[in-house]
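Here's the structure, in structure tokens; my notes come after.
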Amino acid sequence: MTPMKWFLSFLKRYRKNMILGLILTVLITALNIVNPYISGMIVDDVILGGAYPLLLPLVGCMLGVIVIRGVMRFLYQVVFETASQGLLYDMRDKVYRKLLQEDFRFYNKKRTGDLMSRQTGDMDAIRHFVAYVIYVTCENVLMFAFALTMVFTVSVKLALCMLAVLPFTALATYRQSKEVKPAFQRNRNCFSSLNAFVQENVSGNRVVRAFSKEDYEIEKFNKENNAFRAAQISASGVWMKYVPIFEVLAYALNIILMLYGGYMVIHEEITLGALVTVNGYLWMLNNPLRMAGWLVNDIGNFITSVEKIYATYSEEPDVKTPPAGVRKKLKGEISFEDVSYRADDEDIVMDINFHVEPGQTVGIIGSTGSGKSTVMNLLCRFYDTTSGHVKVDGIDVRNMDLYNLRDNIGMAMQDVFLFSDTIEGNIAYGRPDCSFEEVKKAAIMADANHFIQAMPEGYDTIVGERGVGLSGGQKQRISLARALLKDPSILILDDTTSAVDMETESYIQKQLKLIEKDCTIFIIAYRISSIKDADLILVMDKGRIIEQGTHESLLAENGYYASAFRNQYGEIPEELLKGGN
């Protein structure tokens, strides 16, 4: 599907509005030819002919046409504006829904500000086209055609003289359309880049202030701003080059009428009333010529915006839910069988093998970049394996309904994100219909209840974007409460207690053991204390599992895990080392 066909698929839903609007446009344009014709009659028949009784009826007819045109113009603007707002709503909704279906690969490559510009500036260019450009273009084309036809009825020779400007107009329009598209593409690209830059800096304002880099960021902003200004000026330069040409061509019609039309009146080839009539049609010929440059600009902007939105919309995610995906309440049995994942020609994880029974707790430890979070991302099917199988309850995750799989998983992510909402709303995000008692119970389990109640508005306290106003540990505990409230079959805690003290961590671990149902728990951590009581501990390094077992067995192996233990706690008791022999 081409971008234009995609756009027309939305416009078809409002074809009744568009047809009604175009019919009104034709009627209004047709009414434009009435008053100049009556003006000629007043000159020839009333002023020169002496038929004074006709004056009032003719003037009344002119006033009636003006009133009818005014009412119809109001109606057709309402019709087109209604269609444009409806189309914009449908298109924005469709694009947003598609954005929610995109996978992590898509968002890893796209900038938030760039995506935002699709939903704002580009969408508005489309709305402007439907609400204004369509009917103005039709109106001006019809206006020129009707007026020229009426001039032909008055004098063929005068009409042919006026028709001489058309080839020059067509040539100028063609050349402008060729130049305007790349200019607007640069313009939209620079706008997207500026939007993305501002969004990133607003989100990262704490980092900017912490490093006192305001001047540096202002310098970078000025570069983006200058580039956007240059693109705007370049696009305006196209308009500045051609609009004067259209103005000259429009005024050429006045010169032709005054010189040749006056000559014809003097030689009695046409009447003075006929000249007045043609003069009345002159604005109907001038206006389309003047508007040609503006309309070509608007159309070029519209085409560029549709292409950019469709380019984003048409990107298909690699991770999709299968047509007949398995939907069930999961028990939590998990197995990784020879799993490897490769991205951008780089091996991320390789030959991952382990099996977990329902209700077991699994600890994952390893150096930064060893692939710990990637293993969990493969379990949640944020990415698909390059080779091997990830199975839940014996079913490959690629054969499961994607939303059902993730609905059974509760995840407290490494990068905590809180919405601009109340604390209660953030905790209840996964189950918005739950009771307040359930929210509070989850907060107690995450050791968050005490600091929440200490806030002025308690659970109704509004947290800023990304949790601004809360400490790192507080945000982690709210994130944990959000995951616990979901009552999942599989719970993933990705470095969730790194920002809390040892006492809080110990409390949270005790609460996890009190989870009433069998829940398979994965704990990714750097601290031995977070995972030492796990049923299975996986030790990862450079994308591979290099050790796996219990806390005691891994200490006895005296390998990577034992080395990490020494770094954190000192020497290993001799009896533990002997226990492995």
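By convention here, the chains of the structure tokens are called A, B, ... in the order presented, each chain's residues are numbered starting at 1, and ligands are numbered starting at 1 in the order presented.
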
TODO: Pull the strand (DSSP E or B) assignments for segment 143-374 of chain A out of DSSP run on the backbone, and list those residues as a ChimeraX atom specification.
DONE: /A:326,334-343,346-356,361-366

- [ ] Excluding Asp494 of chain A and residues on its chain fewer than 4 positions from it, collect all residues at most 6 Å away from it, counting only C-alpha atoms, and give them as a list in words.
- [x] Met413, Gln414 and Ile524 of chain A

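When only C-alpha atoms are used to measure the gap to Lys532 of chain A, the shortest distance among A:Leu24, A:Ile452, A:Ile423, A:Val362 belongs to A:Val362.
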
As a PDB file with N, CA and C atoms, in the first residue's frame, please: the residues near segment 369-382 of chain A (cut-off 10 Å, only C-alpha atoms, same-chain neighbours under 6 positions excluded).
ATOM      1  N   GLU A 102       4.508  -2.149  18.516  1.00  0.00           N
ATOM      2  CA  GLU A 102       5.893  -2.273  18.078  1.00  0.00           C
ATOM      3  C   GLU A 102       6.736  -2.917  19.176  1.00  0.00           C
ATOM      4  N   ASP A 103       7.810  -3.561  18.757  1.00  0.00           N
ATOM      5  CA  ASP A 103       8.659  -4.266  19.714  1.00  0.00           C
ATOM      6  C   ASP A 103       9.814  -3.382  20.183  1.00  0.00           C
ATOM      7  N   PHE A 104      10.649  -3.975  21.059  1.00  0.00           N
ATOM      8  CA  PHE A 104      11.765  -3.210  21.623  1.00  0.00           C
ATOM      9  C   PHE A 104      12.740  -2.756  20.552  1.00  0.00           C
ATOM     10  N   ARG A 105      12.929  -3.547  19.510  1.00  0.00           N
ATOM     11  CA  ARG A 105      13.865  -3.179  18.440  1.00  0.00           C
ATOM     12  C   ARG A 105      13.462  -1.848  17.816  1.00  0.00           C
ATOM     13  N   ASP A 318       9.122  -7.387  14.671  1.00  0.00           N
ATOM     14  CA  ASP A 318       9.620  -8.755  14.517  1.00  0.00           C
ATOM     15  C   ASP A 318       8.864  -9.705  15.435  1.00  0.00           C
ATOM     16  N   VAL A 319       8.477  -9.192  16.593  1.00  0.00           N
ATOM     17  CA  VAL A 319       7.770 -10.018  17.581  1.00  0.00           C
ATOM     18  C   VAL A 319       6.273  -9.788  17.427  1.00  0.00           C
ATOM     19  N   LYS A 320       5.543 -10.820  17.015  1.00  0.00           N
ATOM     20  CA  LYS A 320       4.096 -10.732  16.826  1.00  0.00           C
ATOM     21  C   LYS A 320       3.415 -11.890  17.544  1.00  0.00           C
ATOM     22  N   THR A 321       2.179 -11.660  17.944  1.00  0.00           N
ATOM     23  CA  THR A 321       1.413 -12.743  18.534  1.00  0.00           C
ATOM     24  C   THR A 321       0.913 -13.660  17.425  1.00  0.00           C
ATOM     25  N   ILE A 334       9.450 -23.212  33.644  1.00  0.00           N
ATOM     26  CA  ILE A 334      10.214 -22.502  32.605  1.00  0.00           C
ATOM     27  C   ILE A 334      11.452 -23.295  32.241  1.00  0.00           C
ATOM     28  N   SER A 335      11.723 -23.357  30.952  1.00  0.00           N
ATOM     29  CA  SER A 335      12.955 -24.013  30.508  1.00  0.00           C
ATOM     30  C   SER A 335      13.542 -23.249  29.331  1.00  0.00           C
ATOM     31  N   PHE A 336      14.848 -23.074  29.373  1.00  0.00           N
ATOM     32  CA  PHE A 336      15.620 -22.503  28.264  1.00  0.00           C
ATOM     33  C   PHE A 336      16.429 -23.640  27.662  1.00  0.00           C
ATOM     34  N   VAL A 339      19.417 -21.733  24.086  1.00  0.00           N
ATOM     35  CA  VAL A 339      18.950 -20.413  23.641  1.00  0.00           C
ATOM     36  C   VAL A 339      20.136 -19.494  23.355  1.00  0.00           C
ATOM     37  N   SER A 340      20.080 -18.864  22.183  1.00  0.00           N
ATOM     38  CA  SER A 340      21.061 -17.833  21.813  1.00  0.00           C
ATOM     39  C   SER A 340      20.304 -16.647  21.229  1.00  0.00           C
ATOM     40  N   TYR A 341      20.865 -15.470  21.415  1.00  0.00           N
ATOM     41  CA  TYR A 341      20.246 -14.265  20.860  1.00  0.00           C
ATOM     42  C   TYR A 341      21.346 -13.369  20.317  1.00  0.00           C
ATOM     43  N   ASP A 347      26.761 -11.191  19.331  1.00  0.00           N
ATOM     44  CA  ASP A 347      26.164 -12.220  20.178  1.00  0.00           C
ATOM     45  C   ASP A 347      25.910 -11.638  21.566  1.00  0.00           C
ATOM     46  N   ILE A 348      24.651 -11.654  21.978  1.00  0.00           N
ATOM     47  CA  ILE A 348      24.282 -11.107  23.287  1.00  0.00           C
ATOM     48  C   ILE A 348      24.276 -12.209  24.343  1.00  0.00           C
ATOM     49  N   VAL A 349      23.553 -13.294  24.089  1.00  0.00           N
ATOM     50  CA  VAL A 349      23.594 -14.471  24.977  1.00  0.00           C
ATOM     51  C   VAL A 349      23.765 -15.713  24.102  1.00  0.00           C
ATOM     52  N   MET A 350      24.422 -16.721  24.663  1.00  0.00           N
ATOM     53  CA  MET A 350      24.741 -17.927  23.884  1.00  0.00           C
ATOM     54  C   MET A 350      24.564 -19.177  24.742  1.00  0.00           C
ATOM     55  N   ILE A 352      22.180 -20.854  26.357  1.00  0.00           N
ATOM     56  CA  ILE A 352      21.563 -20.771  27.682  1.00  0.00           C
ATOM     57  C   ILE A 352      20.680 -21.994  27.910  1.00  0.00           C
ATOM     58  N   HIS A 389      14.982 -22.633  22.188  1.00  0.00           N
ATOM     59  CA  HIS A 389      13.579 -22.506  22.579  1.00  0.00           C
ATOM     60  C   HIS A 389      13.451 -22.031  24.015  1.00  0.00           C
ATOM     61  N   VAL A 390      12.565 -21.057  24.217  1.00  0.00           N
ATOM     62  CA  VAL A 390      12.158 -20.642  25.556  1.00  0.00           C
ATOM     63  C   VAL A 390      10.751 -21.185  25.768  1.00  0.00           C
ATOM     64  N   LYS A 391      10.590 -22.040  26.777  1.00  0.00           N
ATOM     65  CA  LYS A 391       9.294 -22.680  26.991  1.00  0.00           C
ATOM     66  C   LYS A 391       8.739 -22.324  28.363  1.00  0.00           C
ATOM     67  N   VAL A 392       7.448 -22.079  28.380  1.00  0.00           N
ATOM     68  CA  VAL A 392       6.715 -21.860  29.632  1.00  0.00           C
ATOM     69  C   VAL A 392       5.616 -22.906  29.703  1.00  0.00           C
ATOM     70  N   ASP A 396       6.430 -23.420  23.716  1.00  0.00           N
ATOM     71  CA  ASP A 396       7.335 -22.379  23.214  1.00  0.00           C
ATOM     72  C   ASP A 396       6.613 -21.033  23.263  1.00  0.00           C
ATOM     73  N   VAL A 397       7.282 -20.018  23.803  1.00  0.00           N
ATOM     74  CA  VAL A 397       6.634 -18.708  23.948  1.00  0.00           C
ATOM     75  C   VAL A 397       6.220 -18.129  22.601  1.00  0.00           C
ATOM     76  N   ARG A 398       6.856 -18.550  21.520  1.00  0.00           N
ATOM     77  CA  ARG A 398       6.483 -18.045  20.200  1.00  0.00           C
ATOM     78  C   ARG A 398       5.146 -18.598  19.731  1.00  0.00           C
ATOM     79  N   MET A 400       2.623 -18.893  21.962  1.00  0.00           N
ATOM     80  CA  MET A 400       1.658 -18.418  22.952  1.00  0.00           C
ATOM     81  C   MET A 400       1.128 -17.048  22.562  1.00  0.00           C
ATOM     82  N   LEU A 402       0.723 -13.449  22.837  1.00  0.00           N
ATOM     83  CA  LEU A 402       1.729 -12.551  23.396  1.00  0.00           C
ATOM     84  C   LEU A 402       1.207 -11.806  24.623  1.00  0.00           C
ATOM     85  N   TYR A 403      -0.029 -11.334  24.540  1.00  0.00           N
ATOM     86  CA  TYR A 403      -0.580 -10.538  25.632  1.00  0.00           C
ATOM     87  C   TYR A 403      -0.933 -11.430  26.829  1.00  0.00           C
ATOM     88  N   LEU A 405       0.716 -14.166  27.638  1.00  0.00           N
ATOM     89  CA  LEU A 405       2.008 -14.486  28.254  1.00  0.00           C
ATOM     90  C   LEU A 405       2.434 -13.380  29.203  1.00  0.00           C
ATOM     91  N   ARG A 406       2.417 -12.159  28.715  1.00  0.00           N
ATOM     92  CA  ARG A 406       2.886 -11.033  29.531  1.00  0.00           C
ATOM     93  C   ARG A 406       1.919 -10.706  30.661  1.00  0.00           C
ATOM     94  N   ASP A 407       0.644 -11.043  30.478  1.00  0.00           N
ATOM     95  CA  ASP A 407      -0.327 -10.794  31.536  1.00  0.00           C
ATOM     96  C   ASP A 407      -0.084 -11.707  32.735  1.00  0.00           C
ATOM     97  N   ASN A 408       0.587 -12.831  32.496  1.00  0.00           N
ATOM     98  CA  ASN A 408       0.907 -13.771  33.573  1.00  0.00           C
ATOM     99  C   ASN A 408       2.240 -13.457  34.238  1.00  0.00           C
ATOM    100  N   ILE A 409       2.920 -12.416  33.743  1.00  0.00           N
ATOM    101  CA  ILE A 409       4.246 -12.064  34.266  1.00  0.00           C
ATOM    102  C   ILE A 409       4.179 -10.701  34.943  1.00  0.00           C
ATOM    103  N   GLY A 410       4.710 -10.627  36.153  1.00  0.00           N
ATOM    104  CA  GLY A 410       4.868  -9.348  36.826  1.00  0.00           C
ATOM    105  C   GLY A 410       6.343  -8.965  36.782  1.00  0.00           C
ATOM    106  N   MET A 411       6.618  -7.726  36.427  1.00  0.00           N
ATOM    107  CA  MET A 411       8.016  -7.346  36.226  1.00  0.00           C
ATOM    108  C   MET A 411       8.314  -6.005  36.875  1.00  0.00           C
ATOM    109  N   MET A 413      11.101  -3.488  36.675  1.00  0.00           N
ATOM    110  CA  MET A 413      12.213  -3.311  35.754  1.00  0.00           C
ATOM    111  C   MET A 413      13.384  -2.579  36.388  1.00  0.00           C
ATOM    112  N   GLN A 414      14.532  -2.757  35.757  1.00  0.00           N
ATOM    113  CA  GLN A 414      15.765  -2.105  36.212  1.00  0.00           C
ATOM    114  C   GLN A 414      15.646  -0.585  36.097  1.00  0.00           C
ATOM    115  N   ILE A 490       4.573 -15.617  37.201  1.00  0.00           N
ATOM    116  CA  ILE A 490       6.024 -15.443  37.116  1.00  0.00           C
ATOM    117  C   ILE A 490       6.342 -14.019  37.535  1.00  0.00           C
ATOM    118  N   ILE A 492       9.396 -11.213  37.969  1.00  0.00           N
ATOM    119  CA  ILE A 492      10.772 -10.871  37.592  1.00  0.00           C
ATOM    120  C   ILE A 492      11.179  -9.590  38.312  1.00  0.00           C
ATOM    121  N   LEU A 493      12.218  -9.680  39.097  1.00  0.00           N
ATOM    122  CA  LEU A 493      12.741  -8.517  39.823  1.00  0.00           C
ATOM    123  C   LEU A 493      14.132  -8.218  39.279  1.00  0.00           C
ATOM    124  N   ASP A 494      14.201  -7.210  38.431  1.00  0.00           N
ATOM    125  CA  ASP A 494      15.452  -6.883  37.745  1.00  0.00           C
ATOM    126  C   ASP A 494      16.182  -5.791  38.527  1.00  0.00           C
ATOM    127  N   ASP A 495      17.101  -6.215  39.387  1.00  0.00           N
ATOM    128  CA  ASP A 495      17.892  -5.288  40.199  1.00  0.00           C
ATOM    129  C   ASP A 495      16.981  -4.336  40.973  1.00  0.00           C
ATOM    130  N   PHE A 522      12.137 -14.720  39.602  1.00  0.00           N
ATOM    131  CA  PHE A 522      13.491 -14.480  39.102  1.00  0.00           C
ATOM    132  C   PHE A 522      14.006 -13.198  39.745  1.00  0.00           C
ATOM    133  N   ILE A 523      15.171 -13.284  40.366  1.00  0.00           N
ATOM    134  CA  ILE A 523      15.783 -12.114  41.007  1.00  0.00           C
ATOM    135  C   ILE A 523      17.135 -11.855  40.344  1.00  0.00           C
ATOM    136  N   ILE A 524      17.234 -10.741  39.647  1.00  0.00           N
ATOM    137  CA  ILE A 524      18.507 -10.316  39.058  1.00  0.00           C
ATOM    138  C   ILE A 524      19.149  -9.337  40.028  1.00  0.00           C
ATOM    139  N   ALA A 525      20.365  -9.600  40.431  1.00  0.00           N
ATOM    140  CA  ALA A 525      20.988  -8.750  41.444  1.00  0.00           C
ATOM    141  C   ALA A 525      22.506  -8.798  41.328  1.00  0.00           C
ATOM    142  N   LEU A 538      21.953 -18.712  38.863  1.00  0.00           N
ATOM    143  CA  LEU A 538      22.645 -18.728  37.578  1.00  0.00           C
ATOM    144  C   LEU A 538      23.716 -17.651  37.596  1.00  0.00           C
ATOM    145  N   VAL A 539      24.919 -18.022  37.270  1.00  0.00           N
ATOM    146  CA  VAL A 539      26.024 -17.072  37.207  1.00  0.00           C
ATOM    147  C   VAL A 539      26.360 -16.845  35.736  1.00  0.00           C
ATOM    148  N   MET A 540      26.270 -15.590  35.286  1.00  0.00           N
ATOM    149  CA  MET A 540      26.473 -15.287  33.870  1.00  0.00           C
ATOM    150  C   MET A 540      27.722 -14.436  33.665  1.00  0.00           C
ATOM    151  N   ASP A 541      28.361 -14.672  32.536  1.00  0.00           N
ATOM    152  CA  ASP A 541      29.529 -13.877  32.155  1.00  0.00           C
ATOM    153  C   ASP A 541      29.659 -13.919  30.642  1.00  0.00           C
ATOM    154  N   LYS A 542      29.750 -12.759  30.034  1.00  0.00           N
ATOM    155  CA  LYS A 542      29.916 -12.627  28.578  1.00  0.00           C
ATOM    156  C   LYS A 542      28.861 -13.410  27.807  1.00  0.00           C
ATOM    157  N   GLY A 543      27.604 -13.312  28.281  1.00  0.00           N
ATOM    158  CA  GLY A 543      26.496 -13.916  27.557  1.00  0.00           C
ATOM    159  C   GLY A 543      26.288 -15.392  27.777  1.00  0.00           C
ATOM    160  N   ARG A 544      27.044 -15.998  28.665  1.00  0.00           N
ATOM    161  CA  ARG A 544      26.916 -17.444  28.911  1.00  0.00           C
ATOM    162  C   ARG A 544      26.674 -17.704  30.397  1.00  0.00           C
ATOM    163  N   ILE A 545      26.014 -18.835  30.672  1.00  0.00           N
ATOM    164  CA  ILE A 545      25.899 -19.296  32.054  1.00  0.00           C
ATOM    165  C   ILE A 545      27.161 -20.095  32.360  1.00  0.00           C
TER     166      ILE A 545
END

TODO: Give the helix (DSSP H, G or I) residues of segment 351-526 of chain A, as DSSP finds them on the backbone, and put them as a PyMOL selection string.
DONE: chain A and resi 372-379+397-399+402-407+423-427+436-445+449-453+458-460+465-467+472-485+502-513

Within 9 Å of segment 507-517 of chain A: each segment 425-479 of chain A residue with its shortest pair, only C-alpha atoms, as JSON lines:
{"residue": "A:Ile444", "atom": "CA", "partner": "A:Gln511", "partner_atom": "CA", "distance": 8.8}
{"residue": "A:Met445", "atom": "CA", "partner": "A:Gln511", "partner_atom": "CA", "distance": 5.5}
{"residue": "A:Ala446", "atom": "CA", "partner": "A:Ile508", "partner_atom": "CA", "distance": 5.8}
{"residue": "A:Asp447", "atom": "CA", "partner": "A:Ile508", "partner_atom": "CA", "distance": 6.7}

Pull N, CA and C atoms from the residues just selected and write them as a PDB file, in the first residue's frame.
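The result, stored in out15.pdb:
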ATOM      1  N   ILE A 444       2.633  -2.761  51.366  1.00  0.00           N
ATOM      2  CA  ILE A 444       3.214  -3.279  52.612  1.00  0.00           C
ATOM      3  C   ILE A 444       4.250  -4.350  52.300  1.00  0.00           C
ATOM      4  N   MET A 445       3.942  -5.233  51.360  1.00  0.00           N
ATOM      5  CA  MET A 445       4.887  -6.284  50.981  1.00  0.00           C
ATOM      6  C   MET A 445       6.167  -5.691  50.413  1.00  0.00           C
ATOM      7  N   ALA A 446       6.040  -4.558  49.702  1.00  0.00           N
ATOM      8  CA  ALA A 446       7.211  -3.909  49.097  1.00  0.00           C
ATOM      9  C   ALA A 446       7.867  -2.909  50.046  1.00  0.00           C
ATOM     10  N   ASP A 447       7.392  -2.882  51.307  1.00  0.00           N
ATOM     11  CA  ASP A 447       7.920  -1.961  52.317  1.00  0.00           C
ATOM     12  C   ASP A 447       7.810  -0.506  51.849  1.00  0.00           C
TER      13      ASP A 447
END

List the spatial neighbours of Ser236 of chain A as a compact mmCIF listing (two decimals) with C-alpha atoms, in the first residue's frame - criterion: any atom at most 10 Å away, only C-alpha atoms, same-chain residues fewer than 3 positions off excluded.
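What follows is the written file result.txt:
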# COMPACT_ATOMS: atom_id res chain seq x y z
CA VAL A 180 8.81 22.15 -2.81
CA ALA A 183 12.37 21.39 0.79
CA PHE A 184 9.49 20.24 2.99
CA ALA A 230 17.53 27.22 7.70
CA ALA A 231 15.17 24.48 6.51
CA GLN A 232 12.19 26.78 7.07
CA ILE A 233 13.86 29.60 5.18
CA TRP A 239 7.51 30.10 -2.14
CA MET A 240 9.30 33.48 -2.41
CA LYS A 241 10.63 32.53 -5.83
CA ASN A 297 3.22 24.63 -0.78

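Between Gly49 of chain A and the candidates A:Leu163, A:Thr271, A:Lys157, A:Met116, the tightest atom-to-atom separation, counting only C-alpha atoms, involves A:Thr271.
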
- [ ] Choose the residue, out of A:Ile126, A:Val278, A:Ala324, A:Lys486, that has the smallest atom-to-atom separation from Met41 of chain A; count only C-alpha atoms.
- [x] A:Val278

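Across the model, the gap from atom CA of Ile33 of chain A to atom CA of Arg69 of chain A is 11.6 Å.
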
TODO: Excluding Leu259 of chain A and any residue of its chain fewer than 6 positions from it, enumerate the residues within 12 Å of it, using only C-alpha atoms, and give them as a PyMOL selection string.
DONE: chain A and resi 158+161-162+252-253+265-266+275

Save out the residues we just selected, N, CA, C and O atoms, as a short mmCIF file (atom, residue, chain, number, x, y, z; two decimals), in the first residue's frame.
data_model
loop_
_atom_site.label_atom_id
_atom_site.label_comp_id
_atom_site.auth_asym_id
_atom_site.auth_seq_id
_atom_site.Cartn_x
_atom_site.Cartn_y
_atom_site.Cartn_z
N LEU A 158 -11.42 38.18 -26.42
CA LEU A 158 -10.94 38.64 -25.11
C LEU A 158 -10.57 37.44 -24.22
O LEU A 158 -9.56 37.46 -23.52
N CYS A 161 -7.24 35.94 -25.26
CA CYS A 161 -6.12 36.77 -24.80
C CYS A 161 -5.80 36.48 -23.33
O CYS A 161 -4.63 36.40 -22.94
N MET A 162 -6.85 36.34 -22.54
CA MET A 162 -6.64 36.03 -21.13
C MET A 162 -6.11 34.61 -20.94
O MET A 162 -5.35 34.33 -20.01
N ALA A 252 -1.37 40.55 -14.95
CA ALA A 252 -1.37 40.60 -16.42
C ALA A 252 -2.79 40.54 -16.96
O ALA A 252 -3.10 41.15 -18.00
N LEU A 253 -3.67 39.83 -16.24
CA LEU A 253 -5.07 39.76 -16.67
C LEU A 253 -5.73 41.14 -16.59
O LEU A 253 -6.54 41.52 -17.46
N VAL A 265 -14.38 48.06 -26.45
CA VAL A 265 -15.54 48.92 -26.15
C VAL A 265 -15.54 50.15 -27.05
O VAL A 265 -16.58 50.56 -27.59
N ILE A 266 -14.35 50.76 -27.20
CA ILE A 266 -14.24 51.94 -28.05
C ILE A 266 -14.68 51.64 -29.48
O ILE A 266 -15.36 52.44 -30.12
N LEU A 275 -18.04 44.80 -20.59
CA LEU A 275 -16.72 45.03 -19.98
C LEU A 275 -16.83 44.98 -18.45
O LEU A 275 -15.95 44.43 -17.78
#

Task: Selection near Leu87 of chain A, 8 Å with only C-alpha atoms, sequence-local residues under 3 positions removed, as an MDAnalysis selection string - done: chainID A and resid 10:11 14 83:84 90:91 127

- [ ] Would you mind listing what lies within 12 Å of segment 469-474 of chain A as JSON, numbers by chain, with only C-alpha atoms counted and same-chain residues fewer than 4 positions away left out?
- [x] {"A": [206, 414, 415, 416, 417, 418, 420, 423, 443, 446, 447, 448, 449, 450, 451, 452, 455, 461, 462, 463, 464, 465, 478, 479, 480, 481, 495, 496, 497, 498, 499, 500, 501, 502, 504, 505]}
